[in-house]
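A.B. asks: Let me give you the structure first, and then I'll get to my questions.
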Amino acid sequence: MSIKFADLNLDKNILSAVRSEGYESPTPIQAQAIPFALDGRDIMASAQTGSGKTAAFLLPTLQKLTKRSEKPGKGPRALVLTPTRELAAQVEKNALAYAKNMRWFRTVSIVGGASFGYQTRALSKPVDLIVATPGRLMDLMQSGKVDFARLEVLILDEADRMLDMGFIDDIETIVEATPTDRQTLLFSATWDGAVGKLARKLTKDPEIIEVERVDDQGKIEEQLLYCDDMRHKNRLLDHILRDANIDQCVIFTSTKAMTEVIADELYEKGFAANCLHGDMPQGWRNRTLMDLRKGRCKILVATDVAARGIDVPTITHVINYDLPKQAEDYVHRIGRTGRAGRTGIAITFAEVNEYVKVHKIEKYIGRKLPELTIEGMEPTRKRKSAGGKPKGKAAGAIVNPAAGAAIRNRLKKALAANHAAKAIKKTVSKKMALRKTVSRSLTVSKKAVKALKVNVSLTMALAANIKKVDCFNLKAV
């Protein structure tokens, strides 16, 4: 028997709001996380994008906020940390939707690019929930504008991404400023490495929840197109974007500069295109996202970080113009389409020398990407197989231990010789610099001696003149 939201013992105002949003049954991550969170347990939850994890931490947090705080003050009772402004905006939007029947509920978004003065004024009044990015929150904390004395719940959303972006020191500083008796809810795609170590440090006897990854291959059609170079890639992009079946499309690039270049080129070709990246002012980013949601922007060219939190059901296509730097980002990228039960198409471009990156993505998602070609635009350059044998006579040959040892010794000697050459070069450079310094000192000394001789000559001439004057005076006497 499937569980319903009514079975989770949520407040009637929250339950009514959830139903008005069209939700009846919780997703797997919600069904597992909400009961433990309502019991006050710390949680380490691993779930993929689009699994409903936002509601998994917001609903039990709002349930806790229905009770009056026993501590005095104006500071927040709950804090949500997110890696990007867009994700923070999405979390705040969801919180306001779930709490629309809680008339007294106040939330503040603390993100970079927004007015510092407005955020300061908002924090001067009692606030229930803060949704923030670590950088701007740290700025406000250092200026003494944030008081965590009342904090009851700390939530880290996409903790792995925050660590990838270098926020680990900021997160640790923020956590140290919060009460030790808080409840901590952590959500991440993985708990391997540094993020797992940090999670264990922040939580107390946490309930570990891992939701099995749902294969979205059924509703997201994936395609892989190899290309020879940038020119070939641009021809493929132009051909695909002229497909009448595209409603809205997100194109992912690896750099901020490239988002602007591609968006400008598409705009000049007549496409309703715009770009989105982290260096844009917050006002521009908000307008761009609003244009996307309203349908005024048909093609959005974005970086990975900037596109986090975009939830627009009408996005029918995702194009990976550049391959993601990390394999897990591929899942986040294609998750921008096929939302709200719809189907979508994810197209990935890869240059012929990027087969290793493609192999890493396929290994991460556990399936092969269907390779396609467009008639008349097939790649002409050959590529190596990811598991191919090396070329040459040594292919497949086994090197015996003695030969291997000899090779290692030669490499060691070569490295030692290289280090010695570098040391000699460094010493010679130092000696030449010293010689130049000595030469300059000698030049200065010679000039000083010359000036001294001139001074002596002038002094002697002056003395002679004085003597003549004295003699003249004596004769006159």
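Labeling convention for the structure tokens: chains A, B, ... as they appear, residues from 1 per chain, ligands from 1 in order of appearance.
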What parts of range 264-325 of chain A does DSSP call strand (DSSP E or B)? I'd like the answer as a PyMOL selection string.
C.D. replies: chain A and resi 273-276+299-302+315-320
A.B. asks: Residues as selected, C-alpha atoms, written as an mmCIF file, in the first residue's frame, can you do that?
C.D. replies:
data_model
loop_
_atom_site.group_PDB
_atom_site.id
_atom_site.type_symbol
_atom_site.label_atom_id
_atom_site.label_comp_id
_atom_site.auth_asym_id
_atom_site.auth_seq_id
_atom_site.Cartn_x
_atom_site.Cartn_y
_atom_site.Cartn_z
ATOM 1 C CA ALA A 273 18.651 33.319 -27.042
ATOM 2 C CA ASN A 274 20.210 34.557 -23.811
ATOM 3 C CA CYS A 275 23.077 33.543 -21.538
ATOM 4 C CA LEU A 276 23.349 32.790 -17.818
ATOM 5 C CA ILE A 299 17.345 29.125 -25.881
ATOM 6 C CA LEU A 300 19.389 29.546 -22.690
ATOM 7 C CA VAL A 301 23.181 29.169 -22.884
ATOM 8 C CA ALA A 302 24.495 28.484 -19.380
ATOM 9 C CA ILE A 315 12.403 22.731 -21.583
ATOM 10 C CA THR A 316 12.292 19.993 -24.236
ATOM 11 C CA HIS A 317 15.990 19.792 -25.153
ATOM 12 C CA VAL A 318 19.344 19.937 -23.382
ATOM 13 C CA ILE A 319 22.498 20.242 -25.471
ATOM 14 C CA ASN A 320 25.911 19.608 -23.958
#
A.B. asks: For Pro379 in chain A, please output as a PyMOL selection string all residues within 10 Å (counting only C-alpha atoms; exclusion window: fewer than 5 positions along the same chain).
C.D. replies: chain A and resi 225-229+232-233+351-352+373-374
A.B. asks: Considering only alpha helix (DSSP H) as DSSP defines it on the backbone, what residues of range 39-88 of chain A qualify? List them as a list in words.
C.D. replies: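 Of range 39-88 of chain A, only Lys53, Thr54, Ala55, Ala56, Phe57, Leu58, Leu59, Pro60, Thr61, Leu62, Gln63, Lys64, Leu65, Arg85, Glu86, Leu87 and Ala88 of chain A fall in alpha helix (DSSP H).
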A.B. asks: Save out the residues we just selected, N, CA and C atoms, as a tab-separated table (two decimals), in the first residue's frame.
C.D. replies:
chain	number	residue	atom	x	y	z
A	53	LYS	N	13.84	16.13	-3.21
A	53	LYS	CA	14.56	16.29	-1.93
A	53	LYS	C	14.28	17.63	-1.26
A	54	THR	N	13.91	18.65	-2.06
A	54	THR	CA	13.62	19.95	-1.46
A	54	THR	C	12.46	19.86	-0.47
A	55	ALA	N	11.40	19.19	-0.89
A	55	ALA	CA	10.26	18.99	0.02
A	55	ALA	C	10.63	18.07	1.17
A	56	ALA	N	11.59	17.17	0.94
A	56	ALA	CA	11.99	16.23	1.98
A	56	ALA	C	12.59	16.94	3.19
A	57	PHE	N	13.25	18.09	2.97
A	57	PHE	CA	13.78	18.82	4.13
A	57	PHE	C	12.93	20.03	4.50
A	58	LEU	N	12.15	20.58	3.57
A	58	LEU	CA	11.35	21.75	3.90
A	58	LEU	C	10.11	21.40	4.72
A	59	LEU	N	9.43	20.32	4.37
A	59	LEU	CA	8.18	19.99	5.06
A	59	LEU	C	8.39	19.70	6.55
A	60	PRO	N	9.35	18.86	6.95
A	60	PRO	CA	9.55	18.66	8.40
A	60	PRO	C	10.08	19.91	9.10
A	61	THR	N	10.84	20.75	8.37
A	61	THR	CA	11.33	21.99	8.95
A	61	THR	C	10.16	22.94	9.23
A	62	LEU	N	9.25	23.07	8.29
A	62	LEU	CA	8.07	23.91	8.50
A	62	LEU	C	7.20	23.38	9.64
A	63	GLN	N	7.13	22.06	9.74
A	63	GLN	CA	6.37	21.44	10.83
A	63	GLN	C	6.95	21.88	12.18
A	64	LYS	N	8.28	21.91	12.28
A	64	LYS	CA	8.92	22.34	13.53
A	64	LYS	C	8.66	23.81	13.81
A	65	LEU	N	8.57	24.61	12.75
A	65	LEU	CA	8.38	26.05	12.90
A	65	LEU	C	6.95	26.42	13.29
A	85	ARG	N	22.80	30.92	-6.39
A	85	ARG	CA	21.69	31.84	-6.17
A	85	ARG	C	20.39	31.27	-6.75
A	86	GLU	N	20.50	30.64	-7.93
A	86	GLU	CA	19.30	30.12	-8.59
A	86	GLU	C	18.65	29.02	-7.76
A	87	LEU	N	19.49	28.14	-7.19
A	87	LEU	CA	18.95	27.08	-6.34
A	87	LEU	C	18.34	27.68	-5.07
A	88	ALA	N	18.98	28.72	-4.53
A	88	ALA	CA	18.43	29.38	-3.35
A	88	ALA	C	17.06	29.98	-3.65
A.B. asks: So which residues touch Phe148 in chain A within 7 Å, counting only C-alpha atoms, skipping near sequence neighbours fewer than 3 positions away, as JSON, numbers by chain?
C.D. replies: {"A": [75, 76, 151, 177, 178]}
A.B. asks: Give me the residues within 12 Å of Gly196 in chain A as number ranges by chain, counting only C-alpha atoms and dropping any in the same chain fewer than 4 places off.
C.D. replies: A: 44-46, 159-160, 163, 186-192, 200-203, 206, 208
A.B. asks: Find, counting only C-alpha atoms, the residue in A:Gly117, A:Thr288, A:Leu185, A:Lys382 that gets nearest to Asp205 in chain A.
C.D. replies: A:Leu185
A.B. asks: For Gly166 in chain A, which of A:Phe252, A:Lys71, A:Asp291, A:Gly135 is the closest residue, counting only C-alpha atoms?
C.D. replies: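 Result for the nearest residue to Gly166 in chain A: A:Gly135.
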A.B. asks: Using only C-alpha atoms, which residue out of A:Thr253, A:Thr107, A:Asn245, A:Gln282 lies closest to Lys125 in chain A?
C.D. replies: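 Comparing A:Thr253, A:Thr107, A:Asn245, A:Gln282 against Lys125 in chain A, the winner is A:Thr107.
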A.B. asks: Determine, counting only C-alpha atoms, which protein, DNA and RNA residues have an atom within 9 Å of an atom of Ile168 in chain A; residues of the same chain fewer than 6 positions away are not included. Present the result as a list of chain:residue names.
C.D. replies: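 Near neighbours after the sequence-gap exclusion: A:Met162, A:Val195, A:Leu198.
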A.B. asks: Export C-alpha atoms of the chosen residues as a short mmCIF file (atom, residue, chain, number, x, y, z; two decimals), in the first residue's frame?
C.D. replies:
data_model
loop_
_atom_site.label_atom_id
_atom_site.label_comp_id
_atom_site.auth_asym_id
_atom_site.auth_seq_id
_atom_site.Cartn_x
_atom_site.Cartn_y
_atom_site.Cartn_z
CA MET A 162 29.38 23.42 -2.34
CA VAL A 195 31.92 15.56 1.69
CA LEU A 198 32.48 16.81 6.61
#
A.B. asks: Please identify all polymer residues within 12 Å of Ala149 in chain A, counting only C-alpha atoms, omitting same-chain residues fewer than 2 positions from it, and present them as a list in words.
C.D. replies: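 Returned residues: Ser69, Glu70, Lys71, Pro72, Gly73, Lys74, Gly75, Pro76, Arg77, Ala78, Val146, Asp147, Leu151, Glu152, Val153, Glu176, Ala177, Thr178, Pro179, Thr180, Asp181 and Arg182 of chain A.
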A.B. asks: May I have the residues from that selection written out with N, CA and C atoms, as a JSON list (two decimals), in the first residue's frame?
C.D. replies:
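Output file selection_31.json follows:
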[["chain", "number", "residue", "atom", "x", "y", "z"],
["A", 69, "SER", "N", 8.96, 29.44, 19.21],
["A", 69, "SER", "CA", 10.32, 29.28, 19.72],
["A", 69, "SER", "C", 10.39, 29.63, 21.20],
["A", 70, "GLU", "N", 11.16, 28.86, 21.94],
["A", 70, "GLU", "CA", 11.33, 29.12, 23.37],
["A", 70, "GLU", "C", 12.47, 30.09, 23.64],
["A", 71, "LYS", "N", 13.23, 30.42, 22.59],
["A", 71, "LYS", "CA", 14.38, 31.31, 22.77],
["A", 71, "LYS", "C", 14.04, 32.72, 22.27],
["A", 72, "PRO", "N", 14.50, 33.75, 22.96],
["A", 72, "PRO", "CA", 14.24, 35.13, 22.53],
["A", 72, "PRO", "C", 15.16, 35.53, 21.37],
["A", 73, "GLY", "N", 14.79, 36.58, 20.67],
["A", 73, "GLY", "CA", 15.65, 37.08, 19.60],
["A", 73, "GLY", "C", 14.91, 37.19, 18.28],
["A", 74, "LYS", "N", 15.64, 37.72, 17.28],
["A", 74, "LYS", "CA", 15.07, 37.91, 15.95],
["A", 74, "LYS", "C", 15.71, 37.01, 14.90],
["A", 75, "GLY", "N", 16.73, 36.26, 15.28],
["A", 75, "GLY", "CA", 17.47, 35.45, 14.32],
["A", 75, "GLY", "C", 16.65, 34.31, 13.74],
["A", 76, "PRO", "N", 17.16, 33.67, 12.68],
["A", 76, "PRO", "CA", 16.43, 32.60, 12.01],
["A", 76, "PRO", "C", 16.32, 31.34, 12.87],
["A", 77, "ARG", "N", 15.24, 30.62, 12.67],
["A", 77, "ARG", "CA", 15.05, 29.33, 13.35],
["A", 77, "ARG", "C", 15.51, 28.18, 12.46],
["A", 78, "ALA", "N", 15.63, 28.44, 11.16],
["A", 78, "ALA", "CA", 16.10, 27.42, 10.23],
["A", 78, "ALA", "C", 16.97, 28.08, 9.17],
["A", 146, "VAL", "N", 23.90, 38.84, 11.57],
["A", 146, "VAL", "CA", 23.17, 37.57, 11.69],
["A", 146, "VAL", "C", 23.36, 37.00, 13.09],
["A", 147, "ASP", "N", 22.24, 36.60, 13.70],
["A", 147, "ASP", "CA", 22.26, 36.02, 15.04],
["A", 147, "ASP", "C", 21.65, 34.62, 14.96],
["A", 151, "LEU", "N", 18.58, 29.36, 16.24],
["A", 151, "LEU", "CA", 18.59, 28.36, 15.16],
["A", 151, "LEU", "C", 18.30, 26.96, 15.68],
["A", 152, "GLU", "N", 17.36, 26.29, 15.03],
["A", 152, "GLU", "CA", 16.98, 24.93, 15.41],
["A", 152, "GLU", "C", 17.33, 23.89, 14.35],
["A", 153, "VAL", "N", 17.31, 24.30, 13.07],
["A", 153, "VAL", "CA", 17.56, 23.35, 11.98],
["A", 153, "VAL", "C", 18.57, 23.94, 11.01],
["A", 176, "GLU", "N", 30.15, 26.55, 13.00],
["A", 176, "GLU", "CA", 30.68, 26.84, 14.35],
["A", 176, "GLU", "C", 29.88, 27.94, 15.05],
["A", 177, "ALA", "N", 29.23, 28.80, 14.25],
["A", 177, "ALA", "CA", 28.45, 29.89, 14.84],
["A", 177, "ALA", "C", 27.04, 29.47, 15.23],
["A", 178, "THR", "N", 26.65, 28.24, 14.91],
["A", 178, "THR", "CA", 25.29, 27.77, 15.22],
["A", 178, "THR", "C", 25.28, 26.98, 16.53],
["A", 179, "PRO", "N", 24.13, 26.88, 17.18],
["A", 179, "PRO", "CA", 24.04, 26.12, 18.44],
["A", 179, "PRO", "C", 24.38, 24.65, 18.24],
["A", 180, "THR", "N", 24.97, 24.05, 19.22],
["A", 180, "THR", "CA", 25.36, 22.63, 19.12],
["A", 180, "THR", "C", 24.17, 21.69, 19.21],
["A", 181, "ASP", "N", 23.05, 22.17, 19.76],
["A", 181, "ASP", "CA", 21.88, 21.30, 19.90],
["A", 181, "ASP", "C", 20.94, 21.38, 18.69],
["A", 182, "ARG", "N", 21.42, 21.93, 17.58],
["A", 182, "ARG", "CA", 20.60, 22.04, 16.37],
["A", 182, "ARG", "C", 20.39, 20.66, 15.73]]
A.B. asks: Hey, what's within 10 Å of Ala272 in chain A if we count only C-alpha atoms and toss same-chain stuff fewer than 5 positions away? As a list in words, please?
C.D. replies: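 Residues near the query, excluding close chain neighbours: Gln248, Ala263, Leu266, Tyr267, Gly295, Arg296, Cys297, Lys298, Ile299 and Leu300 of chain A.
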A.B. asks: Please indicate the distance in Å from CA of Ala6 in chain A to CA of Gln90 in chain A, rounded to one decimal place.
C.D. replies: 24.6 Å
A.B. asks: Do you have the CA of Ala346 in chain A-CA of Gly22 in chain A distance handy?
C.D. replies: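 CA of Ala346 in chain A sits 27.1 Å away from CA of Gly22 in chain A.
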A.B. asks: Kindly indicate which residue among A:Glu222, A:Glu354, A:Met460, A:Ser143 lies nearest to Arg367 in chain A, using only C-alpha atoms for the distances.
C.D. replies: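 For Arg367 in chain A, the nearest of the given residues is A:Glu222.
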A.B. asks: Which one of A:Tyr364, A:Pro281, A:Lys269, A:Ile220 sits closest to Ile334 in chain A if you count only C-alpha atoms?
C.D. replies: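 Counting only C-alpha atoms, the residue closest to Ile334 in chain A is A:Ile220.
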A.B. asks: Do you have the CA of Met258 in chain A-CA of Asp157 in chain A distance handy?
C.D. replies: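 We find that CA of Met258 in chain A and CA of Asp157 in chain A lie 28.0 Å from each other.
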A.B. asks: Taking only C-alpha atoms into account, name the residue in A:Tyr118, A:Gly52, A:Phe271, A:Ile251 that is nearest to Arg333 in chain A.
C.D. replies: A:Ile251
